[in-house]
>>> print(open('upload26.txt').read())   # compact mmCIF, N, CA and C atoms
# COMPACT_ATOMS: atom_id res chain seq x y z
N MET A 1 115.54 82.76 164.90
CA MET A 1 114.85 83.99 165.24
C MET A 1 114.07 83.78 166.52
N THR A 2 114.12 84.74 167.38
CA THR A 2 113.40 84.68 168.64
C THR A 2 111.95 85.07 168.41
N THR A 3 111.06 84.27 168.98
CA THR A 3 109.63 84.59 168.84
C THR A 3 109.19 85.41 170.04
N HIS A 4 108.01 85.94 169.93
CA HIS A 4 107.42 86.73 171.01
C HIS A 4 107.32 85.87 172.27
N ASP A 5 106.89 84.59 172.12
CA ASP A 5 106.75 83.70 173.27
C ASP A 5 108.09 83.41 173.91
N ASP A 6 109.14 83.19 173.10
CA ASP A 6 110.48 82.93 173.63
C ASP A 6 110.96 84.12 174.45
N ALA A 7 110.74 85.32 173.95
CA ALA A 7 111.16 86.53 174.64
C ALA A 7 110.42 86.68 175.96
N ALA A 8 109.13 86.40 175.95
CA ALA A 8 108.32 86.52 177.17
C ALA A 8 108.79 85.51 178.21
N GLU A 9 109.10 84.28 177.79
CA GLU A 9 109.56 83.25 178.71
C GLU A 9 110.91 83.60 179.31
N SER A 10 111.75 84.28 178.57
CA SER A 10 113.09 84.61 179.07
C SER A 10 113.06 85.88 179.93
N GLY A 11 111.90 86.55 180.01
CA GLY A 11 111.77 87.74 180.83
C GLY A 11 112.20 89.03 180.15
N ARG A 12 112.50 88.97 178.87
CA ARG A 12 112.89 90.20 178.17
C ARG A 12 111.84 90.53 177.11
N GLU A 13 111.85 91.78 176.71
CA GLU A 13 110.90 92.24 175.70
C GLU A 13 111.34 91.77 174.32
N PRO A 14 110.40 91.52 173.42
CA PRO A 14 110.79 91.17 172.04
C PRO A 14 111.46 92.37 171.38
N ASP A 15 112.38 92.12 170.45
CA ASP A 15 113.12 93.18 169.77
C ASP A 15 112.25 93.95 168.79
N VAL A 16 111.25 93.32 168.22
CA VAL A 16 110.42 93.93 167.20
C VAL A 16 108.96 93.70 167.53
N ARG A 17 108.16 94.75 167.33
CA ARG A 17 106.72 94.58 167.54
C ARG A 17 106.18 93.63 166.48
N GLU A 18 105.20 92.88 166.86
CA GLU A 18 104.54 92.00 165.90
C GLU A 18 103.86 92.88 164.86
N LEU A 19 104.03 92.54 163.60
CA LEU A 19 103.47 93.35 162.53
C LEU A 19 101.96 93.50 162.66
N ALA A 20 101.29 92.48 163.14
CA ALA A 20 99.83 92.55 163.30
C ALA A 20 99.42 93.60 164.32
N GLU A 21 100.33 93.98 165.22
CA GLU A 21 100.02 94.96 166.25
C GLU A 21 100.25 96.40 165.79
N VAL A 22 100.89 96.58 164.65
CA VAL A 22 101.22 97.92 164.16
C VAL A 22 100.03 98.47 163.39
N PRO A 23 99.50 99.64 163.78
CA PRO A 23 98.36 100.22 163.06
C PRO A 23 98.72 100.52 161.60
N ALA A 24 97.75 100.37 160.73
CA ALA A 24 97.96 100.60 159.30
C ALA A 24 98.52 101.99 159.02
N VAL A 25 98.02 103.01 159.72
CA VAL A 25 98.50 104.37 159.48
C VAL A 25 99.99 104.48 159.77
N GLU A 26 100.48 103.75 160.75
CA GLU A 26 101.91 103.77 161.07
C GLU A 26 102.72 103.08 159.97
N VAL A 27 102.23 101.96 159.48
CA VAL A 27 102.93 101.25 158.40
C VAL A 27 103.00 102.13 157.16
N ILE A 28 101.87 102.73 156.80
CA ILE A 28 101.82 103.59 155.61
C ILE A 28 102.72 104.80 155.79
N SER A 29 102.66 105.44 156.95
CA SER A 29 103.48 106.63 157.21
C SER A 29 104.97 106.29 157.17
N ARG A 30 105.35 105.18 157.75
CA ARG A 30 106.77 104.78 157.73
C ARG A 30 107.23 104.48 156.31
N ALA A 31 106.39 103.83 155.54
CA ALA A 31 106.74 103.55 154.14
C ALA A 31 106.91 104.86 153.38
N ALA A 32 106.02 105.81 153.61
CA ALA A 32 106.11 107.11 152.94
C ALA A 32 107.39 107.84 153.32
N VAL A 33 107.74 107.81 154.60
CA VAL A 33 108.96 108.48 155.06
C VAL A 33 110.19 107.81 154.44
N MET A 34 110.18 106.50 154.34
CA MET A 34 111.31 105.81 153.73
C MET A 34 111.45 106.19 152.25
N LEU A 35 110.33 106.24 151.54
CA LEU A 35 110.36 106.64 150.13
C LEU A 35 110.81 108.10 149.99
N MET A 36 110.35 108.97 150.88
CA MET A 36 110.78 110.38 150.84
C MET A 36 112.28 110.49 151.06
N SER A 37 112.78 109.77 152.03
CA SER A 37 114.22 109.82 152.33
C SER A 37 115.04 109.30 151.16
N SER A 38 114.58 108.23 150.55
CA SER A 38 115.28 107.67 149.40
C SER A 38 115.29 108.67 148.24
N ALA A 39 114.16 109.28 147.98
CA ALA A 39 114.08 110.26 146.89
C ALA A 39 114.99 111.45 147.16
N ALA A 40 115.00 111.93 148.38
CA ALA A 40 115.86 113.06 148.73
C ALA A 40 117.33 112.73 148.50
N GLU A 41 117.74 111.53 148.88
CA GLU A 41 119.12 111.10 148.65
C GLU A 41 119.42 111.03 147.15
N LYS A 42 118.50 110.47 146.40
CA LYS A 42 118.71 110.30 144.96
C LYS A 42 118.65 111.63 144.20
N LEU A 43 118.08 112.64 144.84
CA LEU A 43 118.09 114.00 144.28
C LEU A 43 119.31 114.79 144.75
N GLY A 44 120.12 114.18 145.61
CA GLY A 44 121.32 114.84 146.10
C GLY A 44 121.06 115.86 147.18
N LEU A 45 119.88 115.86 147.76
CA LEU A 45 119.48 116.91 148.70
C LEU A 45 120.22 116.83 150.04
N SER A 46 120.93 115.75 150.30
CA SER A 46 121.68 115.66 151.56
C SER A 46 123.05 116.32 151.45
N ASP A 47 123.43 116.75 150.24
CA ASP A 47 124.72 117.40 150.03
C ASP A 47 124.55 118.91 149.90
N ALA A 48 125.62 119.63 150.19
CA ALA A 48 125.58 121.09 150.10
C ALA A 48 125.26 121.55 148.68
N ASP A 49 125.81 120.85 147.70
CA ASP A 49 125.54 121.17 146.30
C ASP A 49 124.90 119.93 145.65
N PRO A 50 123.57 119.87 145.63
CA PRO A 50 122.90 118.69 145.09
C PRO A 50 123.33 118.31 143.67
N SER A 51 123.63 119.29 142.84
CA SER A 51 123.97 118.98 141.44
C SER A 51 125.30 118.25 141.30
N SER A 52 126.15 118.29 142.32
CA SER A 52 127.41 117.55 142.25
C SER A 52 127.45 116.38 143.23
N SER A 53 126.31 116.01 143.77
CA SER A 53 126.24 114.90 144.72
C SER A 53 126.59 113.58 144.04
N PRO A 54 127.38 112.74 144.70
CA PRO A 54 127.66 111.42 144.14
C PRO A 54 126.44 110.51 144.16
N HIS A 55 125.41 110.91 144.89
CA HIS A 55 124.18 110.10 145.00
C HIS A 55 123.11 110.52 143.99
N LEU A 56 123.35 111.59 143.27
CA LEU A 56 122.36 112.11 142.32
C LEU A 56 122.06 111.08 141.24
N ASP A 57 120.81 110.69 141.14
CA ASP A 57 120.37 109.72 140.14
C ASP A 57 118.90 110.01 139.84
N LEU A 58 118.66 110.84 138.83
CA LEU A 58 117.29 111.27 138.54
C LEU A 58 116.39 110.14 138.08
N ASP A 59 116.94 109.14 137.40
CA ASP A 59 116.12 108.01 136.97
C ASP A 59 115.58 107.26 138.19
N GLU A 60 116.45 107.01 139.15
CA GLU A 60 116.02 106.34 140.38
C GLU A 60 115.07 107.24 141.18
N ALA A 61 115.37 108.53 141.26
CA ALA A 61 114.51 109.46 141.98
C ALA A 61 113.11 109.47 141.39
N ARG A 62 113.01 109.47 140.05
CA ARG A 62 111.71 109.45 139.39
C ARG A 62 110.90 108.23 139.84
N ARG A 63 111.53 107.09 139.90
CA ARG A 63 110.83 105.85 140.30
C ARG A 63 110.32 105.93 141.73
N VAL A 64 111.17 106.40 142.63
CA VAL A 64 110.79 106.46 144.04
C VAL A 64 109.69 107.51 144.26
N ILE A 65 109.81 108.65 143.61
CA ILE A 65 108.78 109.70 143.76
C ILE A 65 107.45 109.22 143.20
N THR A 66 107.48 108.52 142.09
CA THR A 66 106.24 107.99 141.52
C THR A 66 105.60 106.96 142.45
N ALA A 67 106.42 106.10 143.05
CA ALA A 67 105.90 105.13 144.01
C ALA A 67 105.30 105.83 145.22
N LEU A 68 105.98 106.87 145.70
CA LEU A 68 105.47 107.66 146.83
C LEU A 68 104.14 108.31 146.48
N ALA A 69 104.05 108.89 145.29
CA ALA A 69 102.80 109.54 144.86
C ALA A 69 101.65 108.53 144.81
N GLY A 70 101.93 107.35 144.32
CA GLY A 70 100.90 106.31 144.27
C GLY A 70 100.44 105.90 145.67
N LEU A 71 101.41 105.73 146.57
CA LEU A 71 101.07 105.36 147.94
C LEU A 71 100.25 106.46 148.61
N VAL A 72 100.68 107.69 148.48
CA VAL A 72 99.99 108.81 149.12
C VAL A 72 98.58 108.96 148.56
N THR A 73 98.45 108.90 147.25
CA THR A 73 97.13 109.06 146.62
C THR A 73 96.18 107.94 147.05
N ALA A 74 96.69 106.72 147.10
CA ALA A 74 95.84 105.58 147.45
C ALA A 74 95.47 105.54 148.93
N SER A 75 96.28 106.16 149.78
CA SER A 75 96.05 106.02 151.21
C SER A 75 95.74 107.32 151.95
N VAL A 76 95.57 108.41 151.23
CA VAL A 76 95.38 109.71 151.88
C VAL A 76 94.20 109.71 152.86
N GLU A 77 93.15 108.98 152.57
CA GLU A 77 91.98 108.97 153.46
C GLU A 77 92.28 108.31 154.80
N TYR A 78 93.33 107.50 154.88
CA TYR A 78 93.66 106.79 156.11
C TYR A 78 94.73 107.51 156.93
N LEU A 79 95.37 108.53 156.37
CA LEU A 79 96.51 109.16 157.02
C LEU A 79 96.15 110.21 158.06
N GLY A 80 94.91 110.66 158.06
CA GLY A 80 94.49 111.63 159.06
C GLY A 80 95.40 112.85 159.08
N PRO A 81 95.88 113.23 160.28
CA PRO A 81 96.71 114.44 160.39
C PRO A 81 98.08 114.31 159.71
N HIS A 82 98.46 113.09 159.36
CA HIS A 82 99.75 112.88 158.68
C HIS A 82 99.66 113.22 157.19
N ALA A 83 98.46 113.29 156.65
CA ALA A 83 98.28 113.48 155.21
C ALA A 83 98.90 114.78 154.71
N GLY A 84 98.65 115.88 155.40
CA GLY A 84 99.16 117.18 154.96
C GLY A 84 100.67 117.23 154.86
N PRO A 85 101.39 116.89 155.94
CA PRO A 85 102.85 116.92 155.86
C PRO A 85 103.43 115.96 154.82
N ILE A 86 102.82 114.80 154.67
CA ILE A 86 103.33 113.84 153.68
C ILE A 86 103.10 114.38 152.27
N ARG A 87 101.92 114.95 152.02
CA ARG A 87 101.66 115.55 150.71
C ARG A 87 102.61 116.70 150.42
N GLU A 88 102.87 117.54 151.42
CA GLU A 88 103.81 118.66 151.25
C GLU A 88 105.22 118.15 150.93
N GLY A 89 105.63 117.09 151.62
CA GLY A 89 106.94 116.50 151.35
C GLY A 89 107.03 115.96 149.94
N LEU A 90 105.96 115.31 149.49
CA LEU A 90 105.91 114.79 148.12
C LEU A 90 106.03 115.93 147.12
N GLN A 91 105.27 116.99 147.32
CA GLN A 91 105.34 118.14 146.39
C GLN A 91 106.72 118.77 146.37
N ALA A 92 107.35 118.86 147.53
CA ALA A 92 108.70 119.43 147.60
C ALA A 92 109.67 118.57 146.80
N LEU A 93 109.53 117.26 146.87
CA LEU A 93 110.40 116.36 146.11
C LEU A 93 110.13 116.49 144.62
N GLN A 94 108.85 116.61 144.25
CA GLN A 94 108.51 116.77 142.83
C GLN A 94 109.11 118.08 142.29
N LYS A 95 109.04 119.14 143.08
CA LYS A 95 109.62 120.43 142.65
C LYS A 95 111.15 120.33 142.57
N ALA A 96 111.76 119.67 143.53
CA ALA A 96 113.22 119.50 143.51
C ALA A 96 113.65 118.70 142.29
N PHE A 97 112.86 117.70 141.93
CA PHE A 97 113.17 116.92 140.73
C PHE A 97 113.14 117.82 139.50
N ARG A 98 112.11 118.63 139.40
CA ARG A 98 111.98 119.55 138.26
C ARG A 98 113.18 120.49 138.20
N GLU A 99 113.60 121.01 139.35
CA GLU A 99 114.74 121.93 139.40
C GLU A 99 116.05 121.24 139.02
N GLN A 100 116.19 119.98 139.36
CA GLN A 100 117.43 119.24 139.06
C GLN A 100 117.50 118.80 137.60
N SER A 101 116.38 118.73 136.92
CA SER A 101 116.33 118.23 135.56
C SER A 101 116.89 119.24 134.57
N ALA A 102 117.79 118.79 133.72
CA ALA A 102 118.33 119.66 132.66
C ALA A 102 117.22 120.02 131.67
N HIS A 103 116.33 119.09 131.41
CA HIS A 103 115.18 119.30 130.53
C HIS A 103 113.93 118.88 131.30
N PRO A 104 113.35 119.81 132.09
CA PRO A 104 112.19 119.45 132.92
C PRO A 104 111.03 118.89 132.11
N ASP A 105 110.32 117.96 132.74
CA ASP A 105 109.13 117.38 132.12
C ASP A 105 108.06 118.45 131.99
N ALA A 106 107.17 118.25 131.04
CA ALA A 106 106.02 119.14 130.90
C ALA A 106 105.15 119.01 132.16
N PRO A 107 104.47 120.08 132.57
CA PRO A 107 103.57 119.97 133.72
C PRO A 107 102.60 118.80 133.53
N GLY A 108 102.51 117.99 134.55
CA GLY A 108 101.65 116.81 134.51
C GLY A 108 102.38 115.55 134.09
N ALA A 109 103.62 115.69 133.58
CA ALA A 109 104.38 114.53 133.12
C ALA A 109 105.56 114.21 134.03
N GLY A 110 105.72 114.97 135.11
CA GLY A 110 106.81 114.73 136.05
C GLY A 110 106.54 113.50 136.89
N PRO A 111 107.50 113.12 137.72
CA PRO A 111 107.34 111.92 138.53
C PRO A 111 106.14 112.01 139.47
N GLY A 112 105.27 111.04 139.37
CA GLY A 112 104.10 110.96 140.23
C GLY A 112 102.96 111.88 139.88
N GLU A 113 103.16 112.74 138.87
CA GLU A 113 102.12 113.73 138.56
C GLU A 113 100.88 113.10 137.93
N LYS A 114 100.99 111.89 137.44
CA LYS A 114 99.77 111.25 136.94
C LYS A 114 98.83 110.90 138.10
N TYR A 115 99.40 110.86 139.31
CA TYR A 115 98.59 110.60 140.51
C TYR A 115 98.19 111.88 141.24
N THR A 116 99.09 112.86 141.24
CA THR A 116 98.87 114.06 142.05
C THR A 116 98.38 115.26 141.26
N GLY A 117 98.50 115.21 139.94
CA GLY A 117 98.24 116.37 139.12
C GLY A 117 99.53 117.17 138.96
N PRO A 118 99.52 118.16 138.09
CA PRO A 118 100.74 118.93 137.81
C PRO A 118 101.28 119.64 139.04
N VAL A 119 102.59 119.70 139.11
CA VAL A 119 103.29 120.43 140.16
C VAL A 119 104.16 121.44 139.48
N TYR A 120 104.01 122.72 139.83
CA TYR A 120 104.77 123.79 139.17
C TYR A 120 105.86 124.31 140.06
>>> encode(input="upload26.txt", output="structure tokens")
Amino acid sequence: MTTHDDAAESGREPDVRELAEVPAVEVISRAAVMLMSSAAEKLGLSDADPSSSPHLDLDEARRVITALAGLVTASVEYLGPHAGPIREGLQALQKAFREQSAHPDAPGAGPGEKYTGPVY
């Protein structure tokens, strides 16, 4: 693996920023976006007909949405202007999960709702 010093000596830029240089809000936001994207795929939202998507996996979607809800709830104070859009994305995924479920969870028992409160 090339180090930052090796890259500097060779006159080229390093391929990856040093993790210590990345602001916490960026790390948290990127993690949230990755979890959102994963949940959307597992809900089949990338297909024209989500209910027939080969990627549809509600058990996996529940896990990812719950992890996202925990991350968002724990870090909302650090997200600044990113908090609103990330929260809205989380709620949209929670609603999509409810719509995809043959037997929807009771309000407050859906994925991540123990962190966010009920989503209707």
>>> atom_distance(input="upload26.txt", atom1="atom CA of Lys42 of chain A", atom2="atom CA of Gln94 of chain A")
12.3 Å
>>> residues_around(input="upload26.txt", residues="Met36 of chain A", least_positions_apart="2", cutoff="9 Å", atoms="only C-alpha atoms", output="short mmCIF file (atom, residue, chain, number, x, y, z; two decimals) with N, CA and C atoms, keeping the file's coordinate frame")
data_model
loop_
_atom_site.label_atom_id
_atom_site.label_comp_id
_atom_site.auth_asym_id
_atom_site.auth_seq_id
_atom_site.Cartn_x
_atom_site.Cartn_y
_atom_site.Cartn_z
N ALA A 31 106.39 103.83 155.54
CA ALA A 31 106.74 103.55 154.14
C ALA A 31 106.91 104.86 153.38
N ALA A 32 106.02 105.81 153.61
CA ALA A 32 106.11 107.11 152.94
C ALA A 32 107.39 107.84 153.32
N VAL A 33 107.74 107.81 154.60
CA VAL A 33 108.96 108.48 155.06
C VAL A 33 110.19 107.81 154.44
N MET A 34 110.18 106.50 154.34
CA MET A 34 111.31 105.81 153.73
C MET A 34 111.45 106.19 152.25
N SER A 38 114.58 108.23 150.55
CA SER A 38 115.28 107.67 149.40
C SER A 38 115.29 108.67 148.24
N ALA A 39 114.16 109.28 147.98
CA ALA A 39 114.08 110.26 146.89
C ALA A 39 114.99 111.45 147.16
N ALA A 40 115.00 111.93 148.38
CA ALA A 40 115.86 113.06 148.73
C ALA A 40 117.33 112.73 148.50
N GLU A 41 117.74 111.53 148.88
CA GLU A 41 119.12 111.10 148.65
C GLU A 41 119.42 111.03 147.15
N VAL A 64 111.17 106.40 142.63
CA VAL A 64 110.79 106.46 144.04
C VAL A 64 109.69 107.51 144.26
N ILE A 65 109.81 108.65 143.61
CA ILE A 65 108.78 109.70 143.76
C ILE A 65 107.45 109.22 143.20
N LEU A 68 105.98 106.87 145.70
CA LEU A 68 105.47 107.66 146.83
C LEU A 68 104.14 108.31 146.48
N ILE A 86 102.82 114.80 154.67
CA ILE A 86 103.33 113.84 153.68
C ILE A 86 103.10 114.38 152.27
N GLY A 89 105.63 117.09 151.62
CA GLY A 89 106.94 116.50 151.35
C GLY A 89 107.03 115.96 149.94
N LEU A 90 105.96 115.31 149.49
CA LEU A 90 105.91 114.79 148.12
C LEU A 90 106.03 115.93 147.12
N LEU A 93 109.53 117.26 146.87
CA LEU A 93 110.40 116.36 146.11
C LEU A 93 110.13 116.49 144.62
#
>>> residues_near_point(input="upload26.txt", point="(117.7, 109.9, 141.5)", cutoff="12 Å", atoms="only C-alpha atoms", output="PyMOL selection string")
chain A and resi 35-45+50-51+53-66+93-94+96-98+100-101+111
>>> write_last_selection(input="upload26.txt", atoms="N, CA and C atoms", output="CSV table (one decimal), in the coordinates of the input")
chain,number,residue,atom,x,y,z
A,35,LEU,N,110.3,106.2,151.5
A,35,LEU,CA,110.4,106.6,150.1
A,35,LEU,C,110.8,108.1,150.0
A,36,MET,N,110.4,109.0,150.9
A,36,MET,CA,110.8,110.4,150.8
A,36,MET,C,112.3,110.5,151.1
A,37,SER,N,112.8,109.8,152.0
A,37,SER,CA,114.2,109.8,152.3
A,37,SER,C,115.0,109.3,151.2
A,38,SER,N,114.6,108.2,150.6
A,38,SER,CA,115.3,107.7,149.4
A,38,SER,C,115.3,108.7,148.2
A,39,ALA,N,114.2,109.3,148.0
A,39,ALA,CA,114.1,110.3,146.9
A,39,ALA,C,115.0,111.4,147.2
A,40,ALA,N,115.0,111.9,148.4
A,40,ALA,CA,115.9,113.1,148.7
A,40,ALA,C,117.3,112.7,148.5
A,41,GLU,N,117.7,111.5,148.9
A,41,GLU,CA,119.1,111.1,148.6
A,41,GLU,C,119.4,111.0,147.2
A,42,LYS,N,118.5,110.5,146.4
A,42,LYS,CA,118.7,110.3,145.0
A,42,LYS,C,118.6,111.6,144.2
A,43,LEU,N,118.1,112.6,144.8
A,43,LEU,CA,118.1,114.0,144.3
A,43,LEU,C,119.3,114.8,144.8
A,44,GLY,N,120.1,114.2,145.6
A,44,GLY,CA,121.3,114.8,146.1
A,44,GLY,C,121.1,115.9,147.2
A,45,LEU,N,119.9,115.9,147.8
A,45,LEU,CA,119.5,116.9,148.7
A,45,LEU,C,120.2,116.8,150.0
A,50,PRO,N,123.6,119.9,145.6
A,50,PRO,CA,122.9,118.7,145.1
A,50,PRO,C,123.3,118.3,143.7
A,51,SER,N,123.6,119.3,142.8
A,51,SER,CA,124.0,119.0,141.4
A,51,SER,C,125.3,118.2,141.3
A,53,SER,N,126.3,116.0,143.8
A,53,SER,CA,126.2,114.9,144.7
A,53,SER,C,126.6,113.6,144.0
A,54,PRO,N,127.4,112.7,144.7
A,54,PRO,CA,127.7,111.4,144.1
A,54,PRO,C,126.4,110.5,144.2
A,55,HIS,N,125.4,110.9,144.9
A,55,HIS,CA,124.2,110.1,145.0
A,55,HIS,C,123.1,110.5,144.0
A,56,LEU,N,123.4,111.6,143.3
A,56,LEU,CA,122.4,112.1,142.3
A,56,LEU,C,122.1,111.1,141.2
A,57,ASP,N,120.8,110.7,141.1
A,57,ASP,CA,120.4,109.7,140.1
A,57,ASP,C,118.9,110.0,139.8
A,58,LEU,N,118.7,110.8,138.8
A,58,LEU,CA,117.3,111.3,138.5
A,58,LEU,C,116.4,110.1,138.1
A,59,ASP,N,116.9,109.1,137.4
A,59,ASP,CA,116.1,108.0,137.0
A,59,ASP,C,115.6,107.3,138.2
A,60,GLU,N,116.4,107.0,139.2
A,60,GLU,CA,116.0,106.3,140.4
A,60,GLU,C,115.1,107.2,141.2
A,61,ALA,N,115.4,108.5,141.3
A,61,ALA,CA,114.5,109.5,142.0
A,61,ALA,C,113.1,109.5,141.4
A,62,ARG,N,113.0,109.5,140.0
A,62,ARG,CA,111.7,109.4,139.4
A,62,ARG,C,110.9,108.2,139.8
A,63,ARG,N,111.5,107.1,139.9
A,63,ARG,CA,110.8,105.8,140.3
A,63,ARG,C,110.3,105.9,141.7
A,64,VAL,N,111.2,106.4,142.6
A,64,VAL,CA,110.8,106.5,144.0
A,64,VAL,C,109.7,107.5,144.3
A,65,ILE,N,109.8,108.6,143.6
A,65,ILE,CA,108.8,109.7,143.8
A,65,ILE,C,107.4,109.2,143.2
A,66,THR,N,107.5,108.5,142.1
A,66,THR,CA,106.2,108.0,141.5
A,66,THR,C,105.6,107.0,142.4
A,93,LEU,N,109.5,117.3,146.9
A,93,LEU,CA,110.4,116.4,146.1
A,93,LEU,C,110.1,116.5,144.6
A,94,GLN,N,108.8,116.6,144.2
A,94,GLN,CA,108.5,116.8,142.8
A,94,GLN,C,109.1,118.1,142.3
A,96,ALA,N,111.8,119.7,143.5
A,96,ALA,CA,113.2,119.5,143.5
A,96,ALA,C,113.6,118.7,142.3
A,97,PHE,N,112.9,117.7,141.9
A,97,PHE,CA,113.2,116.9,140.7
A,97,PHE,C,113.1,117.8,139.5
A,98,ARG,N,112.1,118.6,139.4
A,98,ARG,CA,112.0,119.6,138.3
A,98,ARG,C,113.2,120.5,138.2
A,100,GLN,N,116.2,120.0,139.4
A,100,GLN,CA,117.4,119.2,139.1
A,100,GLN,C,117.5,118.8,137.6
A,101,SER,N,116.4,118.7,136.9
A,101,SER,CA,116.3,118.2,135.6
A,101,SER,C,116.9,119.2,134.6
A,111,PRO,N,107.5,113.1,137.7
A,111,PRO,CA,107.3,111.9,138.5
A,111,PRO,C,106.1,112.0,139.5
>>> closest_residue(input="upload26.txt", among="A:Val27, A:Lys95, A:His82, A:Ala102", to="Tyr120 of chain A", atoms="only N, CA and C atoms")
A:Lys95
>>> atom_distance(input="upload26.txt", atom1="atom CA of Tyr115 of chain A", atom2="atom N of Gln91 of chain A")
11.5 Å
>>> atom_distance(input="upload26.txt", atom1="atom N of Gly117 of chain A", atom2="atom C of Ala83 of chain A")
14.8 Å
>>> closest_residue(input="upload26.txt", among="A:Ala74, A:Ala48, A:Ala109, A:Leu79", to="Val25 of chain A", atoms="only C-alpha atoms")
A:Leu79
>>> select_by_dssp(input="upload26.txt", residues="chain A", states="alpha helix (DSSP H)", output="VMD selection string")
chain A and resid 4 to 10 24 to 42 58 to 75 83 to 100 113 to 116
>>> closest_residue(input="upload26.txt", among="A:Ala106, A:Ser29, A:Ala92, A:Ser46", to="Pro118 of chain A", atoms="only N, CA and C atoms")
A:Ala106
>>> closest_residue(input="upload26.txt", among="A:Ala69, A:Tyr78, A:Glu88, A:Val22", to="Lys114 of chain A", atoms="only C-alpha atoms")
A:Ala69
>>> decode(input="upload26.txt", residues="segment 109-114 of chain A", atoms="all heavy atoms", output="compact mmCIF listing (two decimals), in the first residue's frame")
# COMPACT_ATOMS: atom_id res chain seq x y z
N ALA A 109 -43.28 -0.31 16.14
CA ALA A 109 -42.56 -1.58 16.13
C ALA A 109 -41.84 -1.83 14.80
O ALA A 109 -41.22 -2.87 14.63
CB ALA A 109 -43.52 -2.73 16.42
N GLY A 110 -41.93 -0.89 13.88
CA GLY A 110 -41.26 -1.04 12.59
C GLY A 110 -39.76 -0.85 12.72
O GLY A 110 -39.25 -0.51 13.80
N PRO A 111 -39.03 -1.06 11.64
CA PRO A 111 -37.57 -0.94 11.70
C PRO A 111 -37.12 0.46 12.12
O PRO A 111 -37.54 1.45 11.55
CB PRO A 111 -37.12 -1.27 10.28
CG PRO A 111 -38.31 -1.11 9.42
CD PRO A 111 -39.50 -1.35 10.29
N GLY A 112 -36.32 0.50 13.16
CA GLY A 112 -35.76 1.75 13.65
C GLY A 112 -36.69 2.61 14.46
O GLY A 112 -36.29 3.63 15.00
N GLU A 113 -37.96 2.19 14.58
CA GLU A 113 -38.93 3.05 15.26
C GLU A 113 -38.70 3.13 16.77
O GLU A 113 -39.17 4.06 17.40
CB GLU A 113 -40.36 2.62 14.94
CG GLU A 113 -40.71 2.91 13.49
CD GLU A 113 -42.14 2.53 13.12
OE1 GLU A 113 -42.96 2.26 14.01
OE2 GLU A 113 -42.43 2.52 11.92
N LYS A 114 -37.93 2.21 17.31
CA LYS A 114 -37.61 2.34 18.74
C LYS A 114 -36.68 3.53 18.97
O LYS A 114 -36.57 4.06 20.05
CB LYS A 114 -37.02 1.05 19.31
CG LYS A 114 -35.64 0.69 18.82
CD LYS A 114 -35.18 -0.61 19.46
CE LYS A 114 -33.83 -1.03 18.97
NZ LYS A 114 -33.42 -2.29 19.56
